Amino acid sequence: MRLVVEHRTHYRFAPAARYIVQSLKLTPSQFDGQKVINWSITAEGCVINSEFIDGNGDTISTLTATGPVDSVDVVVTGEIETSDTTGVLRGHKERAFPAVFLRSTPVTKSSAAIRKLAAKIEKKTSPDNLLERAHEISTAVSKAIEYAPGATHVHTTAADALADGKGVCQDHTHVMLSIARHLSIPARYVSGYLFADSDGLAHEASHAWAELYLPELGWVGFDPANNCCPTEYYIRLGSGLDAQIATPIRGVHTGGANEDLNVTVIVAQSQQ
């Protein structure tokens with residue numbers, strides 16, 4: 001499938017920022033399921049350079065701007081060819097050991113409720129069939145958390161999301177990571193895009209899902225928000241221990257105490 005992406009992130013600073021530096025994880029991953037046809041990251045008045053590939057195999061760029069800067073628009077446009085690998089991340093080059101992703105973070109720390117759910121899954125599945133166990137985790141999280149936009153915020157923890165029983169893809173993913181790590185399965189957060197309209201209509205489509213490391217297969221994606229594995233409708237950008245680390249844009253600025261942020265993402269099927 002060929003998909004086209006338009007991702008715009010608009011920052012406004014008041015008063016104007018004196019200096020801005022951002023780490024951009026906005027370049028699609030290179031693996032058997034993705035082939036970049038063309039891709040561009042621009043921000044007028046800013047410098048984007050110092051591209052490198054990190055230990056997770058993700059491409060990172062650095063954006064800088066010297067003020068006064070009252071607004072920044074980061075614009076991503078491109079076309080990518082995707083194929084269904086049944087969720088398996090084949091052909092992705094990385095140096096980090098899977099065990100790195102057994103480490104918990106403040107937002108993925110387990111709770112009594114998470115450990116209880118993990119115990120039910122552990123009892124229901126065999127330790128010799130981790131693929132089955134991973135699917136059970138995804139299904140359990142999907143059932144436990146109702147998709148409810150606006151019910152949570154960027155700092156909501158996995159424990160809070162499970163306790164409330166509501167959330168968005170970020171919350172589903174954090175809970176899945178917490179359960180998997182408690183069961184000694186390396187798990188990481190993945191950021192990307194999702195084309196989900198069967199009629200081909202464009203829509204806002206930032207998305208997140210989990211990848212679990214299964215020795216017999218390697219890294220395998222699971223989307224508990226939709227209770228499925230990623231298909232050709234998914235575009236993978238990058239990964240990390242949690243949403244904060246895997247986020248497409250993270251950075252700091254001096255000055256500009258008040259920051260206003262607006263993001264629009266559109267994914268559509270190519271007409272070519």
# chains A, B, ... in the order shown; residues from 1 in each chain; ligands from 1
call {"tool": "closest_atom_pairs", "arguments": {"of": "segment 8-44 of chain A", "to": "segment 251-258 of chain A", "cutoff": "9 Å", "atoms": "only C-alpha atoms", "output": "Markdown table"}}
result
| residue | atom | partner | partner_atom | distance |
| --- | --- | --- | --- | --- |
| A:Arg12 | CA | A:Asn258 | CA | 8.2 |
| A:Phe13 | CA | A:Gly256 | CA | 4.8 |
| A:Ala14 | CA | A:Gly256 | CA | 4.9 |
| A:Pro15 | CA | A:Gly256 | CA | 4.6 |
| A:Ala16 | CA | A:Gly256 | CA | 4.8 |
| A:Ala17 | CA | A:Gly256 | CA | 4.1 |
| A:Arg18 | CA | A:Gly255 | CA | 5.3 |
| A:Tyr19 | CA | A:Thr254 | CA | 5.3 |
| A:Ile20 | CA | A:His253 | CA | 4.3 |
| A:Val21 | CA | A:Gly251 | CA | 5.6 |
| A:Gln22 | CA | A:Gly251 | CA | 3.9 |
| A:Ser23 | CA | A:Gly251 | CA | 5.9 |
| A:Leu24 | CA | A:Gly251 | CA | 8.5 |
call {"tool": "residues_around", "arguments": {"residues": "segment 75-77 of chain A", "least_positions_apart": "6", "cutoff": "12 Å", "atoms": "only C-alpha atoms", "output": "PyMOL selection string"}}
result
chain A and resi 3-11+24-28+36-44+46+48+248-249+263-268
call {"tool": "write_last_selection", "arguments": {"atoms": "N, CA, C and O atoms", "output": "CSV table (one decimal), in the first residue's frame"}}
result
chain,number,residue,atom,x,y,z
A,3,LEU,N,1.0,5.2,1.0
A,3,LEU,CA,0.4,6.1,1.9
A,3,LEU,C,1.1,7.5,1.8
A,3,LEU,O,2.3,7.5,1.7
A,4,VAL,N,0.4,8.5,1.9
A,4,VAL,CA,1.0,9.9,1.9
A,4,VAL,C,0.6,10.5,3.3
A,4,VAL,O,-0.4,10.3,3.8
A,5,VAL,N,1.6,11.2,3.8
A,5,VAL,CA,1.5,11.8,5.1
A,5,VAL,C,1.7,13.3,5.1
A,5,VAL,O,2.6,13.8,4.4
A,6,GLU,N,0.9,14.0,5.9
A,6,GLU,CA,1.1,15.4,6.1
A,6,GLU,C,1.0,15.6,7.6
A,6,GLU,O,-0.1,15.4,8.2
A,7,HIS,N,2.1,16.0,8.3
A,7,HIS,CA,2.1,16.1,9.7
A,7,HIS,C,2.6,17.5,10.1
A,7,HIS,O,3.8,17.8,9.8
A,8,ARG,N,1.8,18.3,10.7
A,8,ARG,CA,2.2,19.7,11.0
A,8,ARG,C,2.1,19.9,12.5
A,8,ARG,O,1.1,19.6,13.1
A,9,THR,N,3.2,20.5,13.1
A,9,THR,CA,3.3,20.8,14.5
A,9,THR,C,3.6,22.3,14.6
A,9,THR,O,4.7,22.7,14.2
A,10,HIS,N,2.7,23.0,15.2
A,10,HIS,CA,2.8,24.5,15.3
A,10,HIS,C,3.0,24.8,16.8
A,10,HIS,O,2.2,24.5,17.7
A,11,TYR,N,4.1,25.5,17.1
A,11,TYR,CA,4.5,26.1,18.4
A,11,TYR,C,4.3,27.6,18.4
A,11,TYR,O,4.8,28.2,17.4
A,24,LEU,N,14.1,15.4,16.8
A,24,LEU,CA,13.0,14.9,15.9
A,24,LEU,C,13.2,13.5,15.6
A,24,LEU,O,14.1,13.0,15.0
A,25,LYS,N,12.1,12.7,15.9
A,25,LYS,CA,12.1,11.3,15.6
A,25,LYS,C,10.9,11.2,14.6
A,25,LYS,O,9.8,10.6,14.9
A,26,LEU,N,11.1,11.8,13.4
A,26,LEU,CA,10.1,12.0,12.4
A,26,LEU,C,10.3,11.3,11.1
A,26,LEU,O,9.6,11.5,10.1
A,27,THR,N,11.4,10.5,11.0
A,27,THR,CA,11.7,9.7,9.8
A,27,THR,C,11.3,8.3,9.9
A,27,THR,O,11.6,7.6,10.9
A,28,PRO,N,10.5,7.8,9.0
A,28,PRO,CA,10.0,6.4,9.1
A,28,PRO,C,11.2,5.4,9.2
A,28,PRO,O,12.3,5.5,8.6
A,36,VAL,N,10.5,4.0,2.0
A,36,VAL,CA,10.3,5.5,1.8
A,36,VAL,C,10.4,5.8,0.3
A,36,VAL,O,11.4,5.6,-0.3
A,37,ILE,N,9.3,6.4,-0.2
A,37,ILE,CA,9.4,6.9,-1.6
A,37,ILE,C,10.0,8.3,-1.6
A,37,ILE,O,10.9,8.6,-2.4
A,38,ASN,N,9.4,9.2,-0.8
A,38,ASN,CA,10.0,10.5,-0.6
A,38,ASN,C,9.6,11.0,0.8
A,38,ASN,O,8.5,10.6,1.3
A,39,TRP,N,10.4,11.8,1.4
A,39,TRP,CA,10.1,12.3,2.8
A,39,TRP,C,10.9,13.6,3.0
A,39,TRP,O,12.0,13.7,2.6
A,40,SER,N,10.2,14.5,3.7
A,40,SER,CA,10.7,15.8,3.9
A,40,SER,C,10.3,16.3,5.3
A,40,SER,O,9.2,16.2,5.7
A,41,ILE,N,11.3,16.9,6.0
A,41,ILE,CA,11.1,17.6,7.3
A,41,ILE,C,11.6,19.0,7.2
A,41,ILE,O,12.8,19.2,6.9
A,42,THR,N,10.7,20.0,7.3
A,42,THR,CA,11.1,21.4,7.2
A,42,THR,C,10.6,22.2,8.3
A,42,THR,O,9.6,21.8,9.0
A,43,ALA,N,11.2,23.3,8.6
A,43,ALA,CA,10.8,24.3,9.6
A,43,ALA,C,11.4,25.6,9.2
A,43,ALA,O,12.6,25.8,9.4
A,44,GLU,N,10.6,26.5,8.7
A,44,GLU,CA,11.1,27.8,8.2
A,44,GLU,C,11.7,28.6,9.4
A,44,GLU,O,11.2,28.7,10.5
A,46,CYS,N,14.4,27.7,10.9
A,46,CYS,CA,15.2,26.8,11.7
A,46,CYS,C,16.2,26.0,11.0
A,46,CYS,O,16.1,25.9,9.7
A,48,ILE,N,17.8,22.2,10.5
A,48,ILE,CA,17.6,20.8,10.8
A,48,ILE,C,18.8,20.1,10.3
A,48,ILE,O,19.0,20.0,9.1
A,248,PRO,N,7.6,11.8,18.7
A,248,PRO,CA,8.2,12.3,17.5
A,248,PRO,C,9.0,13.6,17.7
A,248,PRO,O,10.0,13.8,17.0
A,249,ILE,N,8.6,14.5,18.6
A,249,ILE,CA,9.3,15.7,18.8
A,249,ILE,C,9.4,16.0,20.3
A,249,ILE,O,8.5,16.0,21.1
A,263,VAL,N,-1.2,20.3,16.8
A,263,VAL,CA,-0.7,19.3,15.9
A,263,VAL,C,-1.9,18.8,15.0
A,263,VAL,O,-3.0,18.5,15.5
A,264,THR,N,-1.6,18.7,13.7
A,264,THR,CA,-2.5,18.0,12.8
A,264,THR,C,-1.7,17.0,12.0
A,264,THR,O,-0.6,17.2,11.6
A,265,VAL,N,-2.4,15.8,11.9
A,265,VAL,CA,-1.8,14.7,11.1
A,265,VAL,C,-2.8,14.1,10.2
A,265,VAL,O,-3.9,13.8,10.6
A,266,ILE,N,-2.5,14.0,8.9
A,266,ILE,CA,-3.4,13.4,7.9
A,266,ILE,C,-2.6,12.4,7.2
A,266,ILE,O,-1.5,12.6,6.7
A,267,VAL,N,-3.2,11.2,7.1
A,267,VAL,CA,-2.7,10.1,6.3
A,267,VAL,C,-3.7,9.7,5.3
A,267,VAL,O,-4.9,9.5,5.7
A,268,ALA,N,-3.3,9.5,4.1
A,268,ALA,CA,-4.3,9.2,3.0
A,268,ALA,C,-3.6,8.2,2.1
A,268,ALA,O,-2.4,8.1,2.0
call {"tool": "select_by_dssp", "arguments": {"residues": "segment 99-181 of chain A", "states": "helix (DSSP H, G or I)", "output": "PyMOL selection string"}}
result
chain A and resi 99-102+112-124+130-144+158-164+169-181
call {"tool": "select_by_dssp", "arguments": {"residues": "segment 37-120 of chain A", "states": "strand (DSSP E)", "output": "MDAnalysis selection string"}}
result
chainID A and resid 37:42 47:53 59:82
call {"tool": "closest_residue", "arguments": {"among": "A:Ala113, A:Cys169, A:Leu63, A:Leu214", "to": "Val190 of chain A", "atoms": "only C-alpha atoms"}}
result
A:Cys169
call {"tool": "closest_residue", "arguments": {"among": "A:Ala246, A:Leu102, A:Val88, A:Ala140", "to": "Glu216 of chain A", "atoms": "only C-alpha atoms"}}
result
A:Val88
call {"tool": "residues_around", "arguments": {"residues": "Pro98 of chain A", "least_positions_apart": "6", "cutoff": "10 Å", "atoms": "only C-alpha atoms", "output": "PyMOL selection string"}}
result
chain A and resi 56+185-188+212-215+218-219
call {"tool": "closest_residue", "arguments": {"among": "A:Ala210, A:Val100, A:Ala225, A:Ile60", "to": "Tyr147 of chain A", "atoms": "only C-alpha atoms"}}
result
A:Ala225
call {"tool": "residues_around", "arguments": {"residues": "His92 of chain A", "least_positions_apart": "2", "cutoff": "7 Å", "atoms": "only C-alpha atoms", "output": "list in words"}}
result
Gln30, Phe31, Gly57, Leu89, Arg90 and Glu94 of chain A
call {"tool": "closest_residue", "arguments": {"among": "A:Leu131, A:Leu117, A:Val154, A:Val141", "to": "Trp209 of chain A", "atoms": "only C-alpha atoms"}}
result
A:Val141
call {"tool": "residues_around", "arguments": {"residues": "Asp32 of chain A", "least_positions_apart": "5", "cutoff": "12 Å", "atoms": "only C-alpha atoms", "output": "ChimeraX atom specification"}}
result
/A:81-93,232,236
call {"tool": "write_last_selection", "arguments": {"atoms": "all heavy atoms", "output": "JSON list (two decimals), in the first residue's frame"}}
result
[["chain", "number", "residue", "atom", "x", "y", "z"],
["A", 81, "GLU", "N", 5.73, 3.31, 1.03],
["A", 81, "GLU", "CA", 5.11, 2.06, 0.61],
["A", 81, "GLU", "C", 5.19, 1.07, 1.77],
["A", 81, "GLU", "O", 6.27, 0.82, 2.30],
["A", 81, "GLU", "CB", 5.83, 1.50, -0.62],
["A", 81, "GLU", "CG", 5.18, 0.27, -1.21],
["A", 81, "GLU", "CD", 5.85, -0.17, -2.49],
["A", 81, "GLU", "OE1", 5.85, 0.60, -3.46],
["A", 81, "GLU", "OE2", 6.43, -1.28, -2.49],
["A", 82, "THR", "N", 4.06, 0.52, 2.15],
["A", 82, "THR", "CA", 4.02, -0.38, 3.29],
["A", 82, "THR", "C", 3.52, -1.76, 2.86],
["A", 82, "THR", "O", 2.82, -1.91, 1.84],
["A", 82, "THR", "CB", 3.09, 0.15, 4.39],
["A", 82, "THR", "OG1", 1.75, 0.25, 3.86],
["A", 82, "THR", "CG2", 3.54, 1.52, 4.87],
["A", 83, "SER", "N", 3.87, -2.77, 3.65],
["A", 83, "SER", "CA", 3.36, -4.12, 3.43],
["A", 83, "SER", "C", 3.10, -4.78, 4.78],
["A", 83, "SER", "O", 3.66, -4.38, 5.80],
["A", 83, "SER", "CB", 4.36, -4.95, 2.60],
["A", 83, "SER", "OG", 5.60, -5.04, 3.27],
["A", 84, "ASP", "N", 2.27, -5.79, 4.77],
["A", 84, "ASP", "CA", 1.87, -6.47, 6.01],
["A", 84, "ASP", "C", 2.88, -7.56, 6.33],
["A", 84, "ASP", "O", 3.06, -8.52, 5.57],
["A", 84, "ASP", "CB", 0.48, -7.07, 5.82],
["A", 84, "ASP", "CG", -0.08, -7.66, 7.11],
["A", 84, "ASP", "OD1", 0.64, -7.65, 8.13],
["A", 84, "ASP", "OD2", -1.24, -8.11, 7.10],
["A", 85, "THR", "N", 3.57, -7.42, 7.46],
["A", 85, "THR", "CA", 4.53, -8.44, 7.92],
["A", 85, "THR", "C", 3.98, -9.18, 9.14],
["A", 85, "THR", "O", 4.75, -9.74, 9.93],
["A", 85, "THR", "CB", 5.88, -7.81, 8.25],
["A", 85, "THR", "OG1", 5.72, -6.86, 9.32],
["A", 85, "THR", "CG2", 6.48, -7.10, 7.03],
["A", 86, "THR", "N", 2.67, -9.15, 9.32],
["A", 86, "THR", "CA", 1.98, -9.76, 10.47],
["A", 86, "THR", "C", 2.56, -9.27, 11.80],
["A", 86, "THR", "O", 2.61, -10.00, 12.78],
["A", 86, "THR", "CB", 2.02, -11.31, 10.42],
["A", 86, "THR", "OG1", 3.38, -11.76, 10.48],
["A", 86, "THR", "CG2", 1.37, -11.82, 9.14],
["A", 87, "GLY", "N", 3.00, -8.02, 11.79],
["A", 87, "GLY", "CA", 3.48, -7.40, 13.02],
["A", 87, "GLY", "C", 4.95, -7.63, 13.31],
["A", 87, "GLY", "O", 5.51, -7.00, 14.21],
["A", 88, "VAL", "N", 5.61, -8.53, 12.58],
["A", 88, "VAL", "CA", 7.02, -8.85, 12.85],
["A", 88, "VAL", "C", 7.93, -7.79, 12.23],
["A", 88, "VAL", "O", 7.80, -7.47, 11.05],
["A", 88, "VAL", "CB", 7.39, -10.24, 12.30],
["A", 88, "VAL", "CG1", 8.84, -10.56, 12.61],
["A", 88, "VAL", "CG2", 6.46, -11.30, 12.90],
["A", 89, "LEU", "N", 8.85, -7.27, 13.03],
["A", 89, "LEU", "CA", 9.75, -6.22, 12.59],
["A", 89, "LEU", "C", 10.99, -6.85, 11.92],
["A", 89, "LEU", "O", 12.06, -6.91, 12.51],
["A", 89, "LEU", "CB", 10.16, -5.34, 13.77],
["A", 89, "LEU", "CG", 10.86, -4.02, 13.45],
["A", 89, "LEU", "CD1", 9.91, -3.06, 12.74],
["A", 89, "LEU", "CD2", 11.39, -3.38, 14.74],
["A", 90, "ARG", "N", 10.84, -7.28, 10.69],
["A", 90, "ARG", "CA", 11.92, -7.94, 9.97],
["A", 90, "ARG", "C", 12.82, -6.92, 9.28],
["A", 90, "ARG", "O", 12.34, -5.95, 8.70],
["A", 90, "ARG", "CB", 11.38, -8.90, 8.91],
["A", 90, "ARG", "CG", 10.51, -10.03, 9.45],
["A", 90, "ARG", "CD", 10.21, -11.05, 8.37],
["A", 90, "ARG", "NE", 9.30, -12.10, 8.85],
["A", 90, "ARG", "CZ", 8.00, -12.09, 8.65],
["A", 90, "ARG", "NH1", 7.44, -11.08, 7.99],
["A", 90, "ARG", "NH2", 7.25, -13.06, 9.10],
["A", 91, "GLY", "N", 14.15, -7.17, 9.32],
["A", 91, "GLY", "CA", 15.07, -6.34, 8.58],
["A", 91, "GLY", "C", 15.37, -4.99, 9.21],
["A", 91, "GLY", "O", 15.94, -4.12, 8.56],
["A", 92, "HIS", "N", 15.02, -4.81, 10.48],
["A", 92, "HIS", "CA", 15.27, -3.55, 11.17],
["A", 92, "HIS", "C", 16.60, -3.65, 11.92],
["A", 92, "HIS", "O", 16.76, -4.50, 12.79],
["A", 92, "HIS", "CB", 14.13, -3.26, 12.16],
["A", 92, "HIS", "CG", 14.22, -1.91, 12.81],
["A", 92, "HIS", "ND1", 14.66, -1.74, 14.09],
["A", 92, "HIS", "CD2", 13.92, -0.68, 12.34],
["A", 92, "HIS", "CE1", 14.62, -0.47, 14.40],
["A", 92, "HIS", "NE2", 14.18, 0.20, 13.35],
["A", 93, "LYS", "N", 17.56, -2.80, 11.57],
["A", 93, "LYS", "CA", 18.88, -2.87, 12.17],
["A", 93, "LYS", "C", 18.95, -2.03, 13.44],
["A", 93, "LYS", "O", 18.65, -0.84, 13.41],
["A", 93, "LYS", "CB", 19.93, -2.41, 11.16],
["A", 93, "LYS", "CG", 20.02, -3.29, 9.92],
["A", 93, "LYS", "CD", 21.07, -2.78, 8.95],
["A", 93, "LYS", "CE", 21.13, -3.67, 7.71],
["A", 93, "LYS", "NZ", 22.13, -3.17, 6.73],
["A", 232, "GLU", "N", -0.29, -3.20, 6.94],
["A", 232, "GLU", "CA", 0.16, -2.21, 5.96],
["A", 232, "GLU", "C", -0.50, -0.85, 6.17],
["A", 232, "GLU", "O", -0.12, 0.13, 5.53],
["A", 232, "GLU", "CB", -0.11, -2.71, 4.54],
["A", 232, "GLU", "CG", -1.56, -2.75, 4.12],
["A", 232, "GLU", "CD", -2.25, -4.06, 4.47],
["A", 232, "GLU", "OE1", -1.77, -4.77, 5.39],
["A", 232, "GLU", "OE2", -3.27, -4.38, 3.84],
["A", 236, "ARG", "N", 5.58, 3.13, 10.90],
["A", 236, "ARG", "CA", 6.39, 3.14, 12.12],
["A", 236, "ARG", "C", 7.43, 4.25, 12.04],
["A", 236, "ARG", "O", 8.20, 4.34, 11.09],
["A", 236, "ARG", "CB", 7.09, 1.79, 12.30],
["A", 236, "ARG", "CG", 7.86, 1.64, 13.59],
["A", 236, "ARG", "CD", 8.65, 0.33, 13.58],
["A", 236, "ARG", "NE", 9.21, -0.02, 14.88],
["A", 236, "ARG", "CZ", 10.33, 0.48, 15.39],
["A", 236, "ARG", "NH1", 11.03, 1.37, 14.69],
["A", 236, "ARG", "NH2", 10.77, 0.10, 16.57]]
call {"tool": "closest_residue", "arguments": {"among": "A:Glu211, A:Asp242, A:Glu122, A:Asp73", "to": "Thr108 of chain A", "atoms": "only C-alpha atoms"}}
result
A:Asp242
call {"tool": "closest_residue", "arguments": {"among": "A:Ala161, A:Val175, A:Ala134, A:Val168", "to": "Cys229 of chain A", "atoms": "only C-alpha atoms"}}
result
A:Ala134
call {"tool": "closest_atom_pairs", "arguments": {"of": "segment 126-154 of chain A", "to": "segment 162-165 of chain A", "cutoff": "8 Å", "atoms": "only C-alpha atoms", "output": "CSV"}}
result
residue,atom,partner,partner_atom,distance
A:Ala144,CA,A:Gly165,CA,5.9
A:Ile145,CA,A:Gly165,CA,4.4
A:Glu146,CA,A:Gly165,CA,6.0
call {"tool": "atom_distance", "arguments": {"atom1": "atom CA of Lys123 of chain A", "atom2": "atom CA of Arg181 of chain A"}}
result
16.0 Å
call {"tool": "residues_around", "arguments": {"residues": "Tyr189 of chain A", "least_positions_apart": "2", "cutoff": "10 Å", "atoms": "only C-alpha atoms", "output": "list of chain:residue names"}}
result
A:Phe101, A:Gln170, A:Thr173, A:His174, A:Met176, A:Leu177, A:Ala187, A:Ser191, A:Ala208, A:Trp209, A:Ala210, A:Glu211, A:Leu212, A:Gly221, A:Gly238, A:Ser239, A:Gly240, A:Leu241, A:Asp242, A:Ala243, A:Gln244, A:Ile245, A:Ala246, A:Thr247
call {"tool": "write_last_selection", "arguments": {"atoms": "N, CA and C atoms", "output": "PDB file, in the first residue's frame"}}
result
ATOM      1  N   PHE A 101      14.695  -3.121  27.441  1.00  0.00           N
ATOM      2  CA  PHE A 101      13.283  -2.766  27.497  1.00  0.00           C
ATOM      3  C   PHE A 101      12.495  -3.567  28.532  1.00  0.00           C
ATOM      4  N   GLN A 170      -2.092   5.830  23.766  1.00  0.00           N
ATOM      5  CA  GLN A 170      -0.937   5.970  24.654  1.00  0.00           C
ATOM      6  C   GLN A 170      -1.143   5.169  25.933  1.00  0.00           C
ATOM      7  N   THR A 173      -1.087   1.376  25.379  1.00  0.00           N
ATOM      8  CA  THR A 173       0.283   0.923  25.168  1.00  0.00           C
ATOM      9  C   THR A 173       1.063   0.876  26.470  1.00  0.00           C
ATOM     10  N   HIS A 174       0.936   1.906  27.307  1.00  0.00           N
ATOM     11  CA  HIS A 174       1.657   1.932  28.577  1.00  0.00           C
ATOM     12  C   HIS A 174       1.250   0.755  29.473  1.00  0.00           C
ATOM     13  N   MET A 176       0.081  -2.144  28.448  1.00  0.00           N
ATOM     14  CA  MET A 176       0.625  -3.367  27.857  1.00  0.00           C
ATOM     15  C   MET A 176       2.113  -3.503  28.170  1.00  0.00           C
ATOM     16  N   LEU A 177       2.851  -2.411  28.113  1.00  0.00           N
ATOM     17  CA  LEU A 177       4.267  -2.452  28.450  1.00  0.00           C
ATOM     18  C   LEU A 177       4.467  -2.880  29.901  1.00  0.00           C
ATOM     19  N   ALA A 187       9.588  -5.036  26.330  1.00  0.00           N
ATOM     20  CA  ALA A 187       8.501  -4.353  25.624  1.00  0.00           C
ATOM     21  C   ALA A 187       8.833  -2.878  25.458  1.00  0.00           C
ATOM     22  N   SER A 191       5.907   4.889  18.264  1.00  0.00           N
ATOM     23  CA  SER A 191       5.106   6.004  17.751  1.00  0.00           C
ATOM     24  C   SER A 191       5.044   5.920  16.237  1.00  0.00           C
ATOM     25  N   ALA A 208      -0.010   5.084  18.370  1.00  0.00           N
ATOM     26  CA  ALA A 208       1.034   4.434  19.165  1.00  0.00           C
ATOM     27  C   ALA A 208       0.629   2.991  19.422  1.00  0.00           C
ATOM     28  N   TRP A 209       1.640   2.132  19.539  1.00  0.00           N
ATOM     29  CA  TRP A 209       1.400   0.727  19.848  1.00  0.00           C
ATOM     30  C   TRP A 209       2.634   0.163  20.544  1.00  0.00           C
ATOM     31  N   ALA A 210       2.603  -1.108  20.863  1.00  0.00           N
ATOM     32  CA  ALA A 210       3.709  -1.744  21.579  1.00  0.00           C
ATOM     33  C   ALA A 210       4.436  -2.723  20.679  1.00  0.00           C
ATOM     34  N   GLU A 211       5.706  -2.959  21.001  1.00  0.00           N
ATOM     35  CA  GLU A 211       6.456  -4.062  20.413  1.00  0.00           C
ATOM     36  C   GLU A 211       7.024  -4.907  21.547  1.00  0.00           C
ATOM     37  N   LEU A 212       6.826  -6.216  21.466  1.00  0.00           N
ATOM     38  CA  LEU A 212       7.339  -7.146  22.465  1.00  0.00           C
ATOM     39  C   LEU A 212       8.401  -8.028  21.816  1.00  0.00           C
ATOM     40  N   GLY A 221       4.957  -6.341  16.795  1.00  0.00           N
ATOM     41  CA  GLY A 221       4.065  -5.253  17.176  1.00  0.00           C
ATOM     42  C   GLY A 221       2.688  -5.741  17.595  1.00  0.00           C
ATOM     43  N   GLY A 238       9.353   5.518  15.367  1.00  0.00           N
ATOM     44  CA  GLY A 238      10.426   5.213  16.308  1.00  0.00           C
ATOM     45  C   GLY A 238       9.907   4.604  17.589  1.00  0.00           C
ATOM     46  N   SER A 239      10.840   4.277  18.489  1.00  0.00           N
ATOM     47  CA  SER A 239      10.471   3.554  19.698  1.00  0.00           C
ATOM     48  C   SER A 239      11.193   4.109  20.915  1.00  0.00           C
ATOM     49  N   GLY A 240      10.780   3.642  22.088  1.00  0.00           N
ATOM     50  CA  GLY A 240      11.405   4.060  23.340  1.00  0.00           C
ATOM     51  C   GLY A 240      10.772   3.331  24.505  1.00  0.00           C
ATOM     52  N   LEU A 241      11.248   3.634  25.699  1.00  0.00           N
ATOM     53  CA  LEU A 241      10.725   2.977  26.892  1.00  0.00           C
ATOM     54  C   LEU A 241       9.289   3.370  27.196  1.00  0.00           C
ATOM     55  N   ASP A 242       8.895   4.578  26.782  1.00  0.00           N
ATOM     56  CA  ASP A 242       7.528   5.038  27.001  1.00  0.00           C
ATOM     57  C   ASP A 242       7.229   6.158  26.015  1.00  0.00           C
ATOM     58  N   ALA A 243       6.048   6.773  26.151  1.00  0.00           N
ATOM     59  CA  ALA A 243       5.622   7.797  25.198  1.00  0.00           C
ATOM     60  C   ALA A 243       6.546   9.007  25.183  1.00  0.00           C
ATOM     61  N   GLN A 244       7.023   9.406  26.348  1.00  0.00           N
ATOM     62  CA  GLN A 244       7.879  10.584  26.422  1.00  0.00           C
ATOM     63  C   GLN A 244       9.175  10.379  25.643  1.00  0.00           C
ATOM     64  N   ILE A 245       9.731   9.186  25.714  1.00  0.00           N
ATOM     65  CA  ILE A 245      10.997   8.911  25.047  1.00  0.00           C
ATOM     66  C   ILE A 245      10.792   8.652  23.555  1.00  0.00           C
ATOM     67  N   ALA A 246       9.669   8.051  23.194  1.00  0.00           N
ATOM     68  CA  ALA A 246       9.412   7.708  21.791  1.00  0.00           C
ATOM     69  C   ALA A 246       8.717   8.825  21.021  1.00  0.00           C
ATOM     70  N   THR A 247       8.374   9.912  21.681  1.00  0.00           N
ATOM     71  CA  THR A 247       7.614  10.966  21.030  1.00  0.00           C
ATOM     72  C   THR A 247       8.330  11.502  19.787  1.00  0.00           C
TER      73      THR A 247
END
call {"tool": "residues_around", "arguments": {"residues": "Ala118 of chain A", "least_positions_apart": "4", "cutoff": "8 Å", "atoms": "only C-alpha atoms", "output": "short mmCIF file (atom, residue, chain, number, x, y, z; two decimals) with all heavy atoms, in the first residue's frame"}}
result
data_model
loop_
_atom_site.label_atom_id
_atom_site.label_comp_id
_atom_site.auth_asym_id
_atom_site.auth_seq_id
_atom_site.Cartn_x
_atom_site.Cartn_y
_atom_site.Cartn_z
N ILE A 114 -2.43 -3.97 37.97
CA ILE A 114 -1.67 -4.44 36.81
C ILE A 114 -1.07 -5.81 37.09
O ILE A 114 -1.12 -6.71 36.24
CB ILE A 114 -0.58 -3.41 36.44
CG1 ILE A 114 -1.22 -2.18 35.80
CG2 ILE A 114 0.47 -4.03 35.51
CD1 ILE A 114 -0.25 -1.05 35.53
N GLU A 122 -0.78 -14.89 33.01
CA GLU A 122 0.27 -15.89 33.22
C GLU A 122 -0.34 -17.27 33.49
O GLU A 122 0.16 -18.29 32.98
CB GLU A 122 1.16 -15.46 34.38
CG GLU A 122 2.38 -16.34 34.59
CD GLU A 122 3.29 -15.79 35.67
OE1 GLU A 122 2.77 -15.14 36.61
OE2 GLU A 122 4.50 -15.99 35.56
N ILE A 137 -2.13 -10.58 26.36
CA ILE A 137 -1.92 -9.29 27.01
C ILE A 137 -2.65 -8.20 26.23
O ILE A 137 -3.36 -7.36 26.80
CB ILE A 137 -0.43 -8.95 27.11
CG1 ILE A 137 0.30 -9.96 27.99
CG2 ILE A 137 -0.24 -7.53 27.68
CD1 ILE A 137 1.82 -9.81 27.96
N ILE A 179 2.50 -4.67 31.87
CA ILE A 179 2.19 -6.09 32.08
C ILE A 179 3.28 -6.97 31.49
O ILE A 179 3.75 -7.92 32.13
CB ILE A 179 0.83 -6.43 31.44
CG1 ILE A 179 -0.31 -5.71 32.18
CG2 ILE A 179 0.60 -7.94 31.45
CD1 ILE A 179 -1.66 -5.86 31.51
N ALA A 180 3.70 -6.67 30.27
CA ALA A 180 4.72 -7.49 29.61
C ALA A 180 6.02 -7.50 30.40
O ALA A 180 6.62 -8.56 30.63
CB ALA A 180 4.96 -6.97 28.19
N HIS A 182 6.41 -6.93 33.56
CA HIS A 182 6.20 -7.67 34.81
C HIS A 182 6.32 -9.17 34.57
O HIS A 182 6.77 -9.91 35.47
CB HIS A 182 4.82 -7.34 35.38
CG HIS A 182 4.53 -8.03 36.68
ND1 HIS A 182 5.13 -7.68 37.86
CD2 HIS A 182 3.72 -9.10 36.96
CE1 HIS A 182 4.70 -8.47 38.83
NE2 HIS A 182 3.84 -9.33 38.31
N LEU A 183 5.98 -9.61 33.36
CA LEU A 183 6.07 -11.02 33.00
C LEU A 183 7.40 -11.34 32.32
O LEU A 183 7.54 -12.39 31.68
CB LEU A 183 4.90 -11.40 32.08
CG LEU A 183 3.51 -11.31 32.71
CD1 LEU A 183 2.42 -11.61 31.68
CD2 LEU A 183 3.39 -12.27 33.90
#
